[in-house]
Amino acid sequence: MVTVQAKIVSDSYDLTSKKINKMEKIDLKKQYSNLYKASAKKPEIVTVPQLKYLMVDGFGDPNSSKMFQDAIEALYSVSYTLKFMYKKREESIDYAVMPLEGLWWTDDMNNFSMENKNNWKWTLMILQPEFITLENIEIAKTNAAKKKKLPLLNSLRFEKMNEELSAQILYIGPYNDEPSTIVMLHNFIKDSGYSLCGKHREIYLSDMRRTAPEKLKTIIRQPIYKQI
């Protein structure tokens, strides 16, 4: 949907007590492997639990929207600030910042068009570890603001989201060529006796700045419910 090319263990020695403190390492991709790995050959149904996300809302064509670029910068700046806050604590925890994700829709989904991206609305988000709190977020926002100007910093929100049942597939290729894979996913959902609900969701596993368009990996996910 996006079209822009937009346990290391550290031992610290206390010279007085000779005590060794080891950094705790958390692998969120491994912990939620069924949500951040998917088959490119066939769709699958997954259950998405309630998780915490740093989010920001916006609208417009991601190719040309400054808001879109500002949203990405704000999300990553605060997410990395949070990561290093915990890494520097006395009881340090290290974890990798998770991939960018997006929810995409229009007010009237019957008019959703790949050709008219100006009508698109979106929520960009990054999964956060369960131990992150709203207080942590506010401290990280204050610290991030000291380093650079972030126009959408105050638009960030920290929320739990629970999609529950969803269908997903891995798509490899340019974002503009997603439609045929989306159609395949929707057909799978209907053929499996489910209906679509909620917003179209994408998880961007590749760094869009450094990856050739034909090699971009995106998990396409759609919330569903069982037809009665």
# chains A, B, ... in the order shown; residues from 1 in each chain; ligands from 1
$ select_by_dssp --residues "region 83-224 of chain A" --states "strand (DSSP E)" --output "PyMOL selection string"
chain A and resi 93-95+100-105+121-128+157-161+164-172+194-196+200-204+217-224
$ closest_atom_pairs --of "region 138-193 of chain A" --to "region 207-223 of chain A" --cutoff "6 Å" --atoms "only C-alpha atoms" --output "Markdown table"
| residue | atom | partner | partner_atom | distance |
| --- | --- | --- | --- | --- |
| A:Leu165 | CA | A:Pro223 | CA | 6.0 |
| A:Ser166 | CA | A:Pro223 | CA | 4.1 |
| A:Ala167 | CA | A:Gln222 | CA | 5.3 |
| A:Gln168 | CA | A:Arg221 | CA | 4.2 |
| A:Ile169 | CA | A:Ile220 | CA | 5.5 |
| A:Leu170 | CA | A:Ile219 | CA | 4.4 |
| A:Tyr171 | CA | A:Thr218 | CA | 5.2 |
| A:Ile172 | CA | A:Lys217 | CA | 4.6 |
| A:Gly173 | CA | A:Glu214 | CA | 4.1 |
| A:Pro174 | CA | A:Pro213 | CA | 4.6 |
$ write_last_selection --atoms "C-alpha atoms" --output "PDB file, in the first residue's frame"
ATOM      1  CA  LEU A 165      -8.818 -13.291  14.090  1.00  0.00           C
ATOM      2  CA  SER A 166      -7.041 -12.239  10.880  1.00  0.00           C
ATOM      3  CA  ALA A 167      -5.827 -13.666   7.583  1.00  0.00           C
ATOM      4  CA  GLN A 168      -2.388 -12.805   6.252  1.00  0.00           C
ATOM      5  CA  ILE A 169       0.075 -13.490   3.452  1.00  0.00           C
ATOM      6  CA  LEU A 170       3.622 -12.392   2.631  1.00  0.00           C
ATOM      7  CA  TYR A 171       3.934 -10.226  -0.465  1.00  0.00           C
ATOM      8  CA  ILE A 172       7.313  -9.671  -2.146  1.00  0.00           C
ATOM      9  CA  GLY A 173       7.642  -6.840  -4.644  1.00  0.00           C
ATOM     10  CA  PRO A 174       6.843  -3.163  -5.322  1.00  0.00           C
TER      11      PRO A 174
END
$ residues_around --residues "Leu124 (chain A)" --least-positions-apart "3" --cutoff "8 Å" --atoms "only C-alpha atoms" --output "list in words"
Met55, Val56, Asp57, Ala71, Ile72, Leu100, Glu101, Gly102 and Leu103 of chain A
$ write_last_selection --atoms "N, CA and C atoms" --output "CSV table (one decimal), in the first residue's frame"
chain,number,residue,atom,x,y,z
A,55,MET,N,1.4,5.0,17.9
A,55,MET,CA,0.7,5.2,16.7
A,55,MET,C,0.6,6.7,16.3
A,56,VAL,N,0.3,6.9,15.1
A,56,VAL,CA,0.1,8.3,14.6
A,56,VAL,C,-0.8,8.2,13.4
A,57,ASP,N,-1.8,9.1,13.3
A,57,ASP,CA,-2.8,9.1,12.2
A,57,ASP,C,-2.5,10.1,11.2
A,71,ALA,N,5.5,11.4,10.1
A,71,ALA,CA,4.9,10.4,11.0
A,71,ALA,C,5.9,9.3,11.2
A,72,ILE,N,6.6,8.9,10.1
A,72,ILE,CA,7.6,7.8,10.2
A,72,ILE,C,8.8,8.3,11.1
A,100,LEU,N,7.9,-1.1,11.0
A,100,LEU,CA,6.8,-0.1,10.7
A,100,LEU,C,5.5,-0.9,10.3
A,101,GLU,N,4.4,-0.5,10.7
A,101,GLU,CA,3.1,-1.1,10.3
A,101,GLU,C,2.1,0.0,9.9
A,102,GLY,N,1.2,-0.4,9.0
A,102,GLY,CA,0.2,0.6,8.6
A,102,GLY,C,-1.2,0.1,8.5
A,103,LEU,N,-2.2,0.9,8.9
A,103,LEU,CA,-3.6,0.6,8.7
A,103,LEU,C,-4.0,1.6,7.6
$ closest_residue --among "A:Leu35, A:Ser92, A:Val48, A:Leu156" --to "Tyr76 (chain A)" --atoms "only C-alpha atoms"
A:Leu156
$ closest_residue --among "A:Lys146, A:Lys199, A:Lys30, A:Lys83" --to "Lys121 (chain A)" --atoms "only C-alpha atoms"
A:Lys199
$ select_by_dssp --residues "region 69-211 of chain A" --states "helix (DSSP H, G or I)" --output "NGL selection string"
:A and (69-87 or 109-111 or 117-119 or 134-147 or 153-155 or 175-177 or 179-191)
$ residues_around --residues "region 113-118 of chain A" --least-positions-apart "6" --cutoff "9 Å" --atoms "only C-alpha atoms" --output "ChimeraX atom specification"
/A:1,59-63,65,176,179
$ residues_around --residues "Lys147 (chain A)" --least-positions-apart "5" --cutoff "12 Å" --atoms "only C-alpha atoms" --output "PyMOL selection string"
chain A and resi 74+77-78+81+140-142
$ write_last_selection --atoms "C-alpha atoms" --output "compact mmCIF listing (two decimals), in the first residue's frame"
# COMPACT_ATOMS: atom_id res chain seq x y z
CA ALA A 74 8.36 10.69 14.89
CA SER A 77 12.69 8.65 16.91
CA VAL A 78 10.59 7.90 19.99
CA THR A 81 14.76 6.67 22.35
CA ALA A 140 11.01 9.45 25.47
CA LYS A 141 9.06 12.14 23.61
CA THR A 142 10.68 14.85 25.74
$ atom_distance --atom1 "CA of Pro151 (chain A)" --atom2 "CA of Trp120 (chain A)"
20.5 Å
$ closest_residue --among "A:Glu130, A:Lys190, A:Asp107, A:Asp70" --to "Lys148 (chain A)" --atoms "only C-alpha atoms"
A:Asp70
$ residues_around --residues "Phe188 (chain A)" --least-positions-apart "4" --cutoff "10 Å" --atoms "only C-alpha atoms" --output "list in words"
Lys42, Pro43, Glu44, Ile45, Ala167, Gln168, Ile182, Val183, Met184, Ser192, Gly193 and Tyr194 of chain A
$ write_last_selection --atoms "C-alpha atoms" --output "short mmCIF file (atom, residue, chain, number, x, y, z; two decimals), in the first residue's frame"
data_model
loop_
_atom_site.label_atom_id
_atom_site.label_comp_id
_atom_site.auth_asym_id
_atom_site.auth_seq_id
_atom_site.Cartn_x
_atom_site.Cartn_y
_atom_site.Cartn_z
CA LYS A 42 -0.64 -19.30 0.54
CA PRO A 43 -2.61 -17.23 3.06
CA GLU A 44 -3.05 -18.33 6.65
CA ILE A 45 -5.34 -17.49 9.54
CA ALA A 167 -5.83 -13.67 7.58
CA GLN A 168 -2.39 -12.81 6.25
CA ILE A 182 -4.76 -8.57 -1.87
CA VAL A 183 -7.44 -10.08 -4.14
CA MET A 184 -6.00 -13.55 -3.52
CA SER A 192 -12.79 -20.27 4.01
CA GLY A 193 -16.21 -19.12 5.24
CA TYR A 194 -15.13 -15.79 6.73
#
$ closest_residue --among "A:Ser64, A:Glu90, A:Leu205, A:Thr181" --to "Ala40 (chain A)" --atoms "only C-alpha atoms"
A:Thr181
$ closest_residue --among "A:Lys149, A:Ile93, A:Ile203, A:Tyr80" --to "Ala38 (chain A)" --atoms "only C-alpha atoms"
A:Ile203
$ closest_residue --among "A:Trp104, A:Phe84, A:Phe158, A:Phe131" --to "Gly58 (chain A)" --atoms "only C-alpha atoms"
A:Trp104
$ decode --residues "region 57-91 of chain A" --atoms "N, CA and C atoms" --output "compact mmCIF listing (two decimals), in the first residue's frame"
# COMPACT_ATOMS: atom_id res chain seq x y z
N ASP A 57 -1.84 9.09 13.35
CA ASP A 57 -2.81 9.08 12.25
C ASP A 57 -2.47 10.14 11.22
N GLY A 58 -2.91 9.89 9.98
CA GLY A 58 -2.71 10.88 8.93
C GLY A 58 -3.55 10.57 7.71
N PHE A 59 -3.32 11.32 6.65
CA PHE A 59 -4.09 11.13 5.42
C PHE A 59 -3.26 11.60 4.24
N GLY A 60 -3.67 11.17 3.04
CA GLY A 60 -3.02 11.64 1.82
C GLY A 60 -2.09 10.61 1.19
N ASP A 61 -1.60 10.96 0.03
CA ASP A 61 -0.73 10.11 -0.78
C ASP A 61 0.63 9.96 -0.09
N PRO A 62 1.01 8.74 0.28
CA PRO A 62 2.30 8.56 0.95
C PRO A 62 3.49 8.91 0.06
N ASN A 63 3.26 8.98 -1.26
CA ASN A 63 4.34 9.38 -2.17
C ASN A 63 4.75 10.83 -1.98
N SER A 64 3.75 11.66 -1.73
CA SER A 64 4.01 13.10 -1.73
C SER A 64 3.68 13.79 -0.41
N SER A 65 3.11 13.05 0.53
CA SER A 65 2.66 13.65 1.78
C SER A 65 3.82 13.88 2.75
N LYS A 66 4.05 15.14 3.12
CA LYS A 66 5.06 15.44 4.14
C LYS A 66 4.62 14.87 5.48
N MET A 67 3.31 14.84 5.71
CA MET A 67 2.78 14.29 6.95
C MET A 67 3.21 12.83 7.12
N PHE A 68 3.22 12.08 6.01
CA PHE A 68 3.60 10.68 6.05
C PHE A 68 5.06 10.53 6.49
N GLN A 69 5.93 11.32 5.90
CA GLN A 69 7.35 11.26 6.26
C GLN A 69 7.57 11.72 7.70
N ASP A 70 6.86 12.76 8.12
CA ASP A 70 6.97 13.24 9.50
C ASP A 70 6.48 12.18 10.49
N ALA A 71 5.46 11.43 10.10
CA ALA A 71 4.91 10.39 10.97
C ALA A 71 5.94 9.28 11.20
N ILE A 72 6.59 8.86 10.12
CA ILE A 72 7.61 7.82 10.23
C ILE A 72 8.76 8.28 11.12
N GLU A 73 9.19 9.52 10.91
CA GLU A 73 10.32 10.06 11.68
C GLU A 73 9.98 10.14 13.17
N ALA A 74 8.77 10.58 13.49
CA ALA A 74 8.36 10.69 14.89
C ALA A 74 8.28 9.31 15.55
N LEU A 75 7.70 8.35 14.85
CA LEU A 75 7.56 6.99 15.40
C LEU A 75 8.93 6.37 15.69
N TYR A 76 9.83 6.44 14.72
CA TYR A 76 11.14 5.81 14.92
C TYR A 76 11.99 6.56 15.94
N SER A 77 11.90 7.88 15.95
CA SER A 77 12.69 8.65 16.91
C SER A 77 12.32 8.29 18.34
N VAL A 78 11.03 8.23 18.63
CA VAL A 78 10.59 7.90 19.99
C VAL A 78 10.83 6.43 20.30
N SER A 79 10.63 5.55 19.33
CA SER A 79 10.85 4.12 19.55
C SER A 79 12.31 3.82 19.88
N TYR A 80 13.23 4.45 19.16
CA TYR A 80 14.66 4.22 19.44
C TYR A 80 15.08 4.89 20.74
N THR A 81 14.47 6.03 21.07
CA THR A 81 14.76 6.67 22.35
C THR A 81 14.34 5.76 23.50
N LEU A 82 13.17 5.14 23.37
CA LEU A 82 12.70 4.18 24.38
C LEU A 82 13.67 3.01 24.52
N LYS A 83 14.09 2.47 23.40
CA LYS A 83 15.01 1.33 23.41
C LYS A 83 16.28 1.65 24.20
N PHE A 84 16.88 2.81 23.93
CA PHE A 84 18.14 3.15 24.59
C PHE A 84 17.93 3.59 26.04
N MET A 85 16.74 4.09 26.36
CA MET A 85 16.42 4.38 27.76
C MET A 85 16.50 3.10 28.60
N TYR A 86 15.93 2.03 28.07
CA TYR A 86 15.93 0.75 28.81
C TYR A 86 17.29 0.07 28.76
N LYS A 87 18.01 0.28 27.69
CA LYS A 87 19.33 -0.34 27.57
C LYS A 87 20.33 0.26 28.54
N LYS A 88 20.12 1.54 28.92
CA LYS A 88 21.05 2.24 29.82
C LYS A 88 20.67 2.14 31.29
N ARG A 89 19.51 1.54 31.56
CA ARG A 89 19.09 1.39 32.95
C ARG A 89 20.02 0.45 33.71
N GLU A 90 20.00 0.54 35.06
CA GLU A 90 20.84 -0.36 35.87
C GLU A 90 20.46 -1.81 35.61
N GLU A 91 19.16 -2.10 35.59
CA GLU A 91 18.70 -3.43 35.20
C GLU A 91 18.31 -3.34 33.72
